[in-house]
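Notes for the one structure printed next.
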Amino acid sequence: MVLAAGLGTRLRPVTETIPKPLIEINGRTLLDHAVDRLALVGVELVVVNVHYKAAMVAAQLARRHHPRIEISQETELLDTGGGVARALPLLDDVFFVVNSDVFWLDGQDRTLQRLTAAFDPERMDAILLLQRTATAVGYEGSGDYLIDPSGCPHRRGERQVAPFLFAGLQLVHRRAFTGISDRVFSLVRLFDSAEEAGRLQAIVHDGEWYHIGTPQGLAATRKAVTARIES
């Protein structure tokens, strides 16, 4: 599933005329970059949730011939968790969730394949891709997670600074949603529950990662990607 329903308020004025998923990096939309990566690892069906400027997003997706696309229309914003929960009937028991405001380059192996290889459904309800804050382009936050000596991620406290951020990619089992009846909620709620139960894991990204959350982040990403291509 690709999350593409958000308003992109922090990216204004760019997003006043175009939804964030349709912003282009290296001549291709963020949405297409995400769907391309999923197709490369054999995903045959991608669910995309839409809300803000939904018709523009749907028109872009209609240009694709592979993989098969299902659109989950949200008349109200359901947040990340609520959006995925609404689409659960269309998804497998274990599925990727990808944020449409991130752009990444794989390391030695494909990142989504690394997540799959590390996921053990007997021991885990979710596995997250984390990125080192020190090498994240366009990111200015305080991080999201620390990793303990056993390799388990722990979300930082309110006044902590963490060396890793959640990179917007994850592999999730549908049972993580069991018992949640709210329509609107964040995926962080699932992560916290899985962490408390000892069923949350993470791997650290070994490639490049870019955050497109603000105009400054977008400019930094485009500059870095252009320099990389020209070098």
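Ordered as shown in the structure tokens, chains take letters A, B, and onward, while each chain numbers its residues from 1 and ligands are numbered from 1 in the order shown.
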*Find the spatial neighbours of range 169-176 of chain A, counting only C-alpha atoms, within a cut-off of 8 Å - ignore same-chain residues fewer than 3 positions away - and output them as a list in words.*
Leu88, Asp92, Asp93, Val94, Phe95, Phe96, Val97, Val98, Asn99, Leu115, Thr116, Phe119, Pro121, Asp125, Ala126, Ile127, Leu128, Leu129, Phe166, Leu190 and Ala194 of chain A
Include N, CA, C and O atoms and write out the residues we just selected as a PDB file, in the first residue's frame.
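What landed in part-v8.pdb:
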```pdb
ATOM      1  N   LEU A  88      -7.762  -2.800   4.276  1.00  0.00           N
ATOM      2  CA  LEU A  88      -7.376  -4.175   4.621  1.00  0.00           C
ATOM      3  C   LEU A  88      -8.059  -5.255   3.777  1.00  0.00           C
ATOM      4  O   LEU A  88      -7.429  -6.267   3.443  1.00  0.00           O
ATOM      5  N   ASP A  92      -3.070  -8.424   1.357  1.00  0.00           N
ATOM      6  CA  ASP A  92      -2.699  -9.753   1.825  1.00  0.00           C
ATOM      7  C   ASP A  92      -2.518  -9.736   3.345  1.00  0.00           C
ATOM      8  O   ASP A  92      -2.584  -8.685   3.985  1.00  0.00           O
ATOM      9  N   ASP A  93      -2.231 -10.903   3.911  1.00  0.00           N
ATOM     10  CA  ASP A  93      -2.002 -10.974   5.351  1.00  0.00           C
ATOM     11  C   ASP A  93      -0.771 -10.170   5.761  1.00  0.00           C
ATOM     12  O   ASP A  93      -0.738  -9.556   6.824  1.00  0.00           O
ATOM     13  N   VAL A  94       0.253 -10.193   4.916  1.00  0.00           N
ATOM     14  CA  VAL A  94       1.474  -9.420   5.158  1.00  0.00           C
ATOM     15  C   VAL A  94       1.683  -8.501   3.960  1.00  0.00           C
ATOM     16  O   VAL A  94       1.609  -8.952   2.813  1.00  0.00           O
ATOM     17  N   PHE A  95       1.919  -7.234   4.219  1.00  0.00           N
ATOM     18  CA  PHE A  95       1.984  -6.280   3.108  1.00  0.00           C
ATOM     19  C   PHE A  95       2.922  -5.122   3.450  1.00  0.00           C
ATOM     20  O   PHE A  95       3.135  -4.785   4.609  1.00  0.00           O
ATOM     21  N   PHE A  96       3.462  -4.523   2.399  1.00  0.00           N
ATOM     22  CA  PHE A  96       4.267  -3.310   2.549  1.00  0.00           C
ATOM     23  C   PHE A  96       3.341  -2.103   2.722  1.00  0.00           C
ATOM     24  O   PHE A  96       2.248  -2.065   2.159  1.00  0.00           O
ATOM     25  N   VAL A  97       3.826  -1.114   3.473  1.00  0.00           N
ATOM     26  CA  VAL A  97       3.212   0.213   3.487  1.00  0.00           C
ATOM     27  C   VAL A  97       4.338   1.211   3.228  1.00  0.00           C
ATOM     28  O   VAL A  97       5.369   1.180   3.904  1.00  0.00           O
ATOM     29  N   VAL A  98       4.128   2.058   2.227  1.00  0.00           N
ATOM     30  CA  VAL A  98       5.156   3.005   1.810  1.00  0.00           C
ATOM     31  C   VAL A  98       4.574   4.421   1.837  1.00  0.00           C
ATOM     32  O   VAL A  98       3.518   4.667   1.241  1.00  0.00           O
ATOM     33  N   ASN A  99       5.234   5.332   2.505  1.00  0.00           N
ATOM     34  CA  ASN A  99       4.831   6.747   2.475  1.00  0.00           C
ATOM     35  C   ASN A  99       5.214   7.356   1.135  1.00  0.00           C
ATOM     36  O   ASN A  99       6.299   7.072   0.606  1.00  0.00           O
ATOM     37  N   LEU A 115      13.712  -5.934   3.832  1.00  0.00           N
ATOM     38  CA  LEU A 115      12.625  -5.994   4.809  1.00  0.00           C
ATOM     39  C   LEU A 115      11.973  -7.374   4.812  1.00  0.00           C
ATOM     40  O   LEU A 115      11.717  -7.951   5.872  1.00  0.00           O
ATOM     41  N   THR A 116      11.712  -7.896   3.629  1.00  0.00           N
ATOM     42  CA  THR A 116      11.075  -9.214   3.524  1.00  0.00           C
ATOM     43  C   THR A 116      11.937 -10.303   4.141  1.00  0.00           C
ATOM     44  O   THR A 116      11.443 -11.161   4.881  1.00  0.00           O
ATOM     45  N   PHE A 119      11.840 -10.270   7.965  1.00  0.00           N
ATOM     46  CA  PHE A 119      10.543 -10.386   8.636  1.00  0.00           C
ATOM     47  C   PHE A 119      10.212 -11.838   8.950  1.00  0.00           C
ATOM     48  O   PHE A 119      10.179 -12.686   8.070  1.00  0.00           O
ATOM     49  N   PRO A 121       7.113 -13.739  10.521  1.00  0.00           N
ATOM     50  CA  PRO A 121       5.737 -13.545  10.981  1.00  0.00           C
ATOM     51  C   PRO A 121       5.411 -14.290  12.268  1.00  0.00           C
ATOM     52  O   PRO A 121       4.438 -13.953  12.941  1.00  0.00           O
ATOM     53  N   ASP A 125       5.016  -8.589  14.321  1.00  0.00           N
ATOM     54  CA  ASP A 125       3.805  -8.039  13.712  1.00  0.00           C
ATOM     55  C   ASP A 125       4.149  -6.937  12.715  1.00  0.00           C
ATOM     56  O   ASP A 125       3.343  -6.613  11.848  1.00  0.00           O
ATOM     57  N   ALA A 126       5.334  -6.363  12.850  1.00  0.00           N
ATOM     58  CA  ALA A 126       5.764  -5.318  11.919  1.00  0.00           C
ATOM     59  C   ALA A 126       7.281  -5.200  11.964  1.00  0.00           C
ATOM     60  O   ALA A 126       7.907  -5.437  12.991  1.00  0.00           O
ATOM     61  N   ILE A 127       7.839  -4.830  10.818  1.00  0.00           N
ATOM     62  CA  ILE A 127       9.260  -4.511  10.754  1.00  0.00           C
ATOM     63  C   ILE A 127       9.390  -3.186  10.021  1.00  0.00           C
ATOM     64  O   ILE A 127       8.772  -2.962   8.974  1.00  0.00           O
ATOM     65  N   LEU A 128      10.173  -2.287  10.592  1.00  0.00           N
ATOM     66  CA  LEU A 128      10.317  -0.930  10.083  1.00  0.00           C
ATOM     67  C   LEU A 128      11.670  -0.734   9.423  1.00  0.00           C
ATOM     68  O   LEU A 128      12.663  -1.343   9.834  1.00  0.00           O
ATOM     69  N   LEU A 129      11.703   0.124   8.435  1.00  0.00           N
ATOM     70  CA  LEU A 129      12.976   0.583   7.901  1.00  0.00           C
ATOM     71  C   LEU A 129      13.341   1.866   8.642  1.00  0.00           C
ATOM     72  O   LEU A 129      12.557   2.818   8.680  1.00  0.00           O
ATOM     73  N   PHE A 166      12.149   6.945  11.478  1.00  0.00           N
ATOM     74  CA  PHE A 166      11.345   5.999  10.715  1.00  0.00           C
ATOM     75  C   PHE A 166      11.334   6.460   9.268  1.00  0.00           C
ATOM     76  O   PHE A 166      10.960   7.586   8.957  1.00  0.00           O
ATOM     77  N   LEU A 190       0.099   1.259  16.225  1.00  0.00           N
ATOM     78  CA  LEU A 190       0.411  -0.164  16.018  1.00  0.00           C
ATOM     79  C   LEU A 190       1.851  -0.455  16.402  1.00  0.00           C
ATOM     80  O   LEU A 190       2.148  -1.493  17.010  1.00  0.00           O
ATOM     81  N   ALA A 194       3.096  -3.143  19.158  1.00  0.00           N
ATOM     82  CA  ALA A 194       3.995  -4.225  18.790  1.00  0.00           C
ATOM     83  C   ALA A 194       5.287  -4.158  19.598  1.00  0.00           C
ATOM     84  O   ALA A 194       5.826  -5.185  20.034  1.00  0.00           O
TER      85      ALA A 194
END
```
*Please provide as number ranges by chain all residues within 7 Å of range 102-106 of chain A, with the sequence filter that same-chain residues fewer than 4 positions apart are discarded (counting only C-alpha atoms).*
A: 30, 110-111, 168, 207-212
_Nearby residues (only C-alpha atoms) at most 6 Å from range 59-70 of chain A, same-chain spacing under 3 positions excluded, as a PyMOL selection string_ = chain A and resi 44-47+56
Deliver the residues from the most recent selection as a file, using N, CA, C and O atoms, as a PDB file, in the first residue's frame.
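Heads up, here's the output in again_25.pdb:
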```pdb
ATOM      1  N   GLU A  44       2.175  -7.466  -7.130  1.00  0.00           N
ATOM      2  CA  GLU A  44       1.279  -7.467  -8.288  1.00  0.00           C
ATOM      3  C   GLU A  44       0.074  -6.559  -8.109  1.00  0.00           C
ATOM      4  O   GLU A  44      -0.597  -6.217  -9.092  1.00  0.00           O
ATOM      5  N   LEU A  45      -0.240  -6.192  -6.871  1.00  0.00           N
ATOM      6  CA  LEU A  45      -1.356  -5.286  -6.596  1.00  0.00           C
ATOM      7  C   LEU A  45      -0.901  -4.223  -5.617  1.00  0.00           C
ATOM      8  O   LEU A  45      -0.358  -4.545  -4.554  1.00  0.00           O
ATOM      9  N   VAL A  46      -1.114  -2.964  -5.971  1.00  0.00           N
ATOM     10  CA  VAL A  46      -0.786  -1.854  -5.086  1.00  0.00           C
ATOM     11  C   VAL A  46      -2.065  -1.077  -4.806  1.00  0.00           C
ATOM     12  O   VAL A  46      -2.773  -0.661  -5.727  1.00  0.00           O
ATOM     13  N   VAL A  47      -2.355  -0.887  -3.528  1.00  0.00           N
ATOM     14  CA  VAL A  47      -3.488  -0.069  -3.103  1.00  0.00           C
ATOM     15  C   VAL A  47      -2.953   1.320  -2.767  1.00  0.00           C
ATOM     16  O   VAL A  47      -1.973   1.455  -2.038  1.00  0.00           O
ATOM     17  N   MET A  56      -6.397  14.088  -9.548  1.00  0.00           N
ATOM     18  CA  MET A  56      -5.081  14.206 -10.163  1.00  0.00           C
ATOM     19  C   MET A  56      -4.241  12.961  -9.892  1.00  0.00           C
ATOM     20  O   MET A  56      -3.550  12.453 -10.782  1.00  0.00           O
TER      21      MET A  56
END
```
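Going from CA of Cys152 in chain A over to CA of Gln201 in chain A, you cover 5.5 Å.
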Using DSSP on the backbone coordinates, identify all residues within range 3-230 of chain A classified as strand (DSSP E or B); present the result as a compact mmCIF listing (two decimals) with N, CA and C atoms, in the first residue's frame.
```txt
# COMPACT_ATOMS: atom_id res chain seq x y z
N LEU A 3 0.70 5.30 0.76
CA LEU A 3 -0.09 6.33 1.42
C LEU A 3 0.05 7.64 0.65
N GLU A 24 7.76 15.75 -8.76
CA GLU A 24 8.72 14.97 -9.54
C GLU A 24 10.14 15.08 -9.00
N ILE A 25 10.80 13.95 -8.98
CA ILE A 25 12.23 13.86 -8.70
C ILE A 25 12.87 13.14 -9.87
N ARG A 28 10.32 11.95 -12.58
CA ARG A 28 9.30 10.93 -12.29
C ARG A 28 8.66 11.28 -10.95
N THR A 29 7.35 11.06 -10.84
CA THR A 29 6.67 11.44 -9.61
C THR A 29 7.09 10.55 -8.45
N LEU A 45 -0.24 -6.19 -6.87
CA LEU A 45 -1.36 -5.29 -6.60
C LEU A 45 -0.90 -4.22 -5.62
N VAL A 46 -1.11 -2.96 -5.97
CA VAL A 46 -0.79 -1.85 -5.09
C VAL A 46 -2.06 -1.08 -4.81
N VAL A 47 -2.36 -0.89 -3.53
CA VAL A 47 -3.49 -0.07 -3.10
C VAL A 47 -2.95 1.32 -2.77
N VAL A 48 -3.59 2.34 -3.31
CA VAL A 48 -3.19 3.73 -3.07
C VAL A 48 -4.37 4.47 -2.46
N ASN A 49 -4.20 5.04 -1.27
CA ASN A 49 -5.30 5.83 -0.71
C ASN A 49 -5.18 7.27 -1.19
N VAL A 50 -6.32 7.90 -1.46
CA VAL A 50 -6.34 9.25 -2.01
C VAL A 50 -7.38 10.09 -1.27
N ARG A 68 -1.12 -3.89 -11.00
CA ARG A 68 -2.53 -3.52 -10.90
C ARG A 68 -2.69 -2.55 -9.74
N ILE A 69 -3.50 -1.53 -9.96
CA ILE A 69 -3.70 -0.49 -8.96
C ILE A 69 -5.15 -0.50 -8.48
N GLU A 70 -5.34 -0.45 -7.18
CA GLU A 70 -6.66 -0.24 -6.58
C GLU A 70 -6.60 1.07 -5.81
N ILE A 71 -7.60 1.90 -5.99
CA ILE A 71 -7.64 3.19 -5.29
C ILE A 71 -8.61 3.10 -4.11
N SER A 72 -8.14 3.54 -2.95
CA SER A 72 -8.97 3.61 -1.75
C SER A 72 -9.30 5.07 -1.50
N GLN A 73 -10.51 5.47 -1.85
CA GLN A 73 -10.93 6.86 -1.74
C GLN A 73 -11.33 7.17 -0.30
N VAL A 94 0.25 -10.19 4.92
CA VAL A 94 1.47 -9.42 5.16
C VAL A 94 1.68 -8.50 3.96
N PHE A 95 1.92 -7.23 4.22
CA PHE A 95 1.98 -6.28 3.11
C PHE A 95 2.92 -5.12 3.45
N PHE A 96 3.46 -4.52 2.40
CA PHE A 96 4.27 -3.31 2.55
C PHE A 96 3.34 -2.10 2.72
N VAL A 97 3.83 -1.11 3.47
CA VAL A 97 3.21 0.21 3.49
C VAL A 97 4.34 1.21 3.23
N VAL A 98 4.13 2.06 2.23
CA VAL A 98 5.16 3.00 1.81
C VAL A 98 4.57 4.42 1.84
N ASN A 99 5.23 5.33 2.51
CA ASN A 99 4.83 6.75 2.47
C ASN A 99 5.21 7.36 1.13
N VAL A 102 8.58 10.15 0.69
CA VAL A 102 10.00 9.81 0.83
C VAL A 102 10.52 9.28 -0.51
N PHE A 103 11.80 9.47 -0.71
CA PHE A 103 12.47 8.97 -1.90
C PHE A 103 13.75 8.31 -1.44
N TRP A 104 13.96 7.08 -1.87
CA TRP A 104 15.15 6.39 -1.42
C TRP A 104 15.85 5.70 -2.59
N LEU A 105 17.14 5.50 -2.40
CA LEU A 105 17.94 4.72 -3.34
C LEU A 105 18.44 3.49 -2.60
N ALA A 126 5.33 -6.36 12.85
CA ALA A 126 5.76 -5.32 11.92
C ALA A 126 7.28 -5.20 11.96
N ILE A 127 7.84 -4.83 10.82
CA ILE A 127 9.26 -4.51 10.75
C ILE A 127 9.39 -3.19 10.02
N LEU A 128 10.17 -2.29 10.59
CA LEU A 128 10.32 -0.93 10.08
C LEU A 128 11.67 -0.73 9.42
N LEU A 129 11.70 0.12 8.44
CA LEU A 129 12.98 0.58 7.90
C LEU A 129 13.34 1.87 8.64
N LEU A 130 14.50 1.88 9.25
CA LEU A 130 15.01 3.07 9.93
C LEU A 130 16.16 3.67 9.13
N GLN A 131 16.33 4.96 9.29
CA GLN A 131 17.38 5.69 8.59
C GLN A 131 18.17 6.49 9.62
N ARG A 132 19.49 6.52 9.47
CA ARG A 132 20.31 7.35 10.36
C ARG A 132 20.00 8.83 10.11
N VAL A 137 18.78 13.24 3.99
CA VAL A 137 18.72 14.52 3.28
C VAL A 137 17.33 15.13 3.46
N TYR A 145 13.63 6.64 16.76
CA TYR A 145 13.90 5.37 17.44
C TYR A 145 15.35 5.24 17.87
N LEU A 146 15.51 4.50 18.96
CA LEU A 146 16.80 3.99 19.38
C LEU A 146 16.76 2.49 19.18
N ILE A 147 17.91 1.87 19.02
CA ILE A 147 17.99 0.43 18.86
C ILE A 147 18.81 -0.15 20.00
N PRO A 153 13.95 -2.04 18.18
CA PRO A 153 13.76 -0.58 18.18
C PRO A 153 12.88 -0.14 19.34
N HIS A 154 13.18 1.06 19.87
CA HIS A 154 12.38 1.64 20.95
C HIS A 154 12.14 3.10 20.61
N ARG A 155 10.86 3.49 20.58
CA ARG A 155 10.54 4.87 20.24
C ARG A 155 11.04 5.81 21.32
N PHE A 164 18.01 7.39 14.97
CA PHE A 164 17.34 6.82 13.80
C PHE A 164 15.95 7.42 13.63
N LEU A 165 15.56 7.63 12.39
CA LEU A 165 14.20 8.06 12.09
C LEU A 165 13.47 6.94 11.36
N PHE A 166 12.15 6.94 11.48
CA PHE A 166 11.34 6.00 10.71
C PHE A 166 11.33 6.46 9.27
N ALA A 167 11.75 5.59 8.36
CA ALA A 167 12.00 5.97 6.98
C ALA A 167 10.78 5.90 6.08
N GLY A 168 9.61 5.58 6.63
CA GLY A 168 8.40 5.59 5.82
C GLY A 168 8.16 4.32 5.02
N LEU A 169 8.89 3.26 5.34
CA LEU A 169 8.68 1.95 4.71
C LEU A 169 8.56 0.91 5.82
N GLN A 170 7.62 0.01 5.65
CA GLN A 170 7.43 -1.04 6.64
C GLN A 170 6.75 -2.25 6.02
N LEU A 171 6.89 -3.36 6.69
CA LEU A 171 6.19 -4.59 6.33
C LEU A 171 5.35 -4.95 7.55
N VAL A 172 4.06 -5.15 7.34
CA VAL A 172 3.11 -5.28 8.45
C VAL A 172 2.24 -6.51 8.26
N HIS A 173 1.92 -7.18 9.38
CA HIS A 173 0.93 -8.27 9.37
C HIS A 173 -0.41 -7.69 9.76
N LEU A 200 7.98 -5.97 17.53
CA LEU A 200 8.40 -4.96 16.57
C LEU A 200 9.89 -5.11 16.31
N GLN A 201 10.26 -5.11 15.03
CA GLN A 201 11.67 -5.18 14.66
C GLN A 201 11.97 -4.08 13.65
N ALA A 202 13.25 -3.92 13.35
CA ALA A 202 13.65 -2.90 12.39
C ALA A 202 14.96 -3.29 11.75
N ILE A 203 15.18 -2.76 10.55
CA ILE A 203 16.48 -2.82 9.92
C ILE A 203 16.88 -1.38 9.58
N VAL A 204 18.16 -1.15 9.41
CA VAL A 204 18.67 0.18 9.10
C VAL A 204 18.98 0.26 7.60
N GLU A 208 20.68 5.53 0.20
CA GLU A 208 20.43 6.95 0.41
C GLU A 208 18.94 7.18 0.66
N TRP A 209 18.65 8.21 1.47
CA TRP A 209 17.25 8.48 1.85
C TRP A 209 17.01 9.97 1.88
N TYR A 210 15.87 10.38 1.31
CA TYR A 210 15.54 11.79 1.17
C TYR A 210 14.12 12.05 1.67
N HIS A 211 13.96 13.14 2.40
CA HIS A 211 12.64 13.51 2.92
C HIS A 211 12.11 14.71 2.14
```
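Here CA of Ala220 in chain A is placed at a distance of 9.7 Å from CA of Tyr139 in chain A.
Ranking A:Asp206, A:Arg199, A:Pro89, A:Val57 by their shortest atom-to-atom distance to Asp120 in chain A, with only C-alpha atoms included, puts A:Arg199 first.
Taking CA of Ala34 in chain A and CA of Gln113 in chain A as endpoints, the distance between them is 14.0 Å.
Within the 12 Å cut-off around Thr17 in chain A, using only C-alpha atoms and omitting residues fewer than 6 positions from it on the same chain, the listed residues are A:Leu7, A:Gly8, A:Thr9, A:Leu11, A:Ile23, A:Tyr52, A:Lys53, A:Met56.
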_Residue set, range 26-226 of chain A restricted to helix (DSSP H, G or I), as JSON, numbers by chain_ = {"A": [30, 31, 32, 33, 34, 35, 36, 37, 38, 39, 40, 54, 55, 56, 57, 58, 59, 60, 61, 62, 79, 80, 81, 82, 83, 84, 85, 86, 87, 88, 89, 90, 111, 112, 113, 114, 115, 116, 117, 118, 133, 134, 135, 174, 175, 176, 177, 187, 188, 189, 190, 191, 192, 193, 194, 195, 196, 215, 216, 217, 218, 219, 220, 221, 222, 223, 224, 225, 226]}
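Between Glu76 in chain A and the candidates A:Ala197, A:Ala54, A:Leu218, A:Val2, the tightest atom-to-atom separation, counting only C-alpha atoms, involves A:Ala54.
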